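Asks: Before we start, here is the structure in question, set down as structure tokens.
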Amino acid sequence: MALACMAACGQQDAASALEPLARQIEDSLRVFNVAFVRSAVEQGMRAATDSDAYYNYLMYASILHYYSAQPDSMLACVGRAWDYLRNHPRNRSRNRLLVKCLQTRGAYYAAFCSDLDSLVHYNRLACMEAEKGVDVEDIVLSYNNLADAYRQQGKLAASAGAYRRAIFIADSVRMPRENYVPLYEGIATAYTALHAFDESKIWWDKSRELWDCMMTREKFNYLNNRGTDYYYQKDYANCKRLLLQLDAFLAGHPGMMWERKFCRINLTDVCLKEKDAAGADSLLQETAAFFAPMGDASTLSYIRTQQMELAFMEGDLGKVRRLLREDPLPPGARPDIRLQRLDFLWRFHAGQGHWEEACDAREAYAALADSLRDERVRMKIADMQLRYERDTTVLEQQIRISRQQVRLMQVYAALLAALALLGFLVFLVHSRRKKARMKEEQMLRRIVSLRMENIRNRITPHFIYNVLNHELLLKQQGKESRLGDLALLLRRQQDLAGNFCTSLKEELDFVRLYVSAETERMSVKPDFSVHIAGGIDPERMRLPSMMVQIFVENAIKHGLKGAAHRPEGKKLFLRIDVYASGGCRFIDVSNNGTPLQESAAAGQGTGLKVVSQTIQLLNEANERPMSYSVGWHLSPGGEKVWLARLAIPEDYDFDNRFANM
């Protein structure tokens, strides 16, 4: 565990050209992909462009020797790096290299010399050196390694204190969530060993929130150690639930067979506690067959005690006696294994009436349990003392910070007052400018309104002149006059002229009335038709009023009147088509009479001037412009017709610019 965490410390500087390879090595070390690491380290040492990079790869080689159980080669690599550091001045890269050297040397003494004091000593030195640098991740991981070293040494209070220090530093810089996994799991395991279950629950719950960030080994540690926490609390239901979850999880990882069998040893314990003889029997046969060839005395002694429990539960006392003869408690066994065996001996001998043996087992159990309990109490007190000292230090720091904050608040208050005064002055200036802009805008709107009113009213006298002139002509010719219909037409026209915009339906209703009145007096009446494409609602489609009427009036006046017949022998027609295409709606007014004069086509006529000026004003308030065009056009039937076309974008806004006029 310590060496895996240490490997994460050895990141190269960002400027290193070999950084991607170093990251691949670190990731492979975390998942124990030794084969890849070996080839990558050799490649990195060959490609290293400077000594710092070379010796960093040399430290990866020392970790490989650790996994390969080659202590002499491991220590030789560390010694070479140590000599290099002594003969060169410190920089960021070398400081990180020194931290790795110290951690690796500590791992050497722990793994190959069983010297846990040296493990703690070198990891404490690594923390001191890491704090001299600027790499917070190195500091956090160094304290994580120190906490793990204390835990291996049995100093659980010191371990919890080191974990708290690492968490405090990680919180201060808001490290990524995945960096907290070993910290939370480590401190939770320490409090579980202390039987401080209120504290352990806090950290186990925090670990559970990081499940998605955990690697495979970290998930195993979480499920196994939290199950142990429930076991110590005698909450066997929750313990069994987690162990079954762990067993199912390990089923998907064939490379972790040892861990799965270890999980089933713990499941056997739970089955025995719940008096499930059948479940315990099947698990015992499996675990005994797996661990027997390995020769691990501690694990086999634990399994033998479980077999004794099962035989005693089933009433097979002969098997119990045989197992006791064949497997006495080995000297130097771990305290938890000794407690398990002594507890069983006390109950077994008491059940057989062997009171002397039962009393001896009971006294030995009580002495060992009291010793462990006293040690836990002592360590809990030490943990409380460490937490008190840390909290006192933090409180003093907070008091100093508070005083500095008060001074800063005074400065901020003065600055805020100055900013408020400045803001008030800016507000006054802005308000006056805003009022001036509003007045200017109101004046502009009024000017535009008057211009529009003037433009719209210009067409009315023009239209009245045309109508009256037509009636006078009819009277001179002795023909019947329809002044009543014309009066209705003029009233509808006046209503349209008074409205800036209208609906397509209202416009077409007026046009139909107008065409009826005009063509009634023509010697050759054209065919008049209106075609509206599907999907267009005449009542909802909006357009500037009198636009279509102007096109129709020009078509009748300049194109259809006086054209008795077509050279091709085709009948005259006047057609209105409304359709949509390419995000626009089009209104086409076409006829096959005499084309407009060039002056009218160029927009010099009164009607087309109104159209041009109206569109120009409306386009000022829209990004996509409205447009119109007049000219020759080839009909679908191949006939040349004179066409006036109005194009209105579908998102055209008729309201914003003139809403308040």
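Letters for chains follow the order of the structure tokens (A, B, ...), residue numbers begin at 1 for each chain, and ligand numbers begin at 1 in the order shown.
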For Ser612 of chain A, please output as a list in words all residues within 9 Å (counting only C-alpha atoms; exclusion window: fewer than 5 positions along the same chain).

Replies: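 Contacts, with the query itself left out: Gly603, Gly607, Leu617, Ser627 and Tyr628 of chain A.
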
Asks: If you count only C-alpha atoms, which residues fall within 8 Å of Ala149 of chain A, apart from same-chain ones fewer than 5 positions away, as a ChimeraX atom specification?

Replies: /A:2,116,119-120,123,159

Asks: Based on DSSP run over this structure's backbone, return all residues of segment 30-204 of chain A in alpha helix (DSSP H), as a PyMOL selection string.

Replies: chain A and resi 30+34-47+51-67+71-86+92-113+116-132+136-153+156-173+181-193+197-204

Asks: Do you know which residues are at most 10 Å from Val181 of chain A counting only C-alpha atoms, after dropping those on the same chain fewer than 3 positions away, and could you put them as a list in words?

Replies: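 Once the nearby chain positions are removed, what remains is Arg177, Glu178, Tyr184, Glu185, Gly186, Lys206, Ser207, Arg208, Glu209, Leu210, Trp211, Cys213, Met214, Met215, Glu218, Lys219 and Tyr222 of chain A.
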
Asks: Point out the residue among A:Met626, A:Gln549, A:Leu223, A:Ala292 with the least atom-to-atom distance to Arg260 of chain A, counting only C-alpha atoms.

Replies: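 Using only C-alpha atoms, Arg260 of chain A sits closest to A:Leu223.
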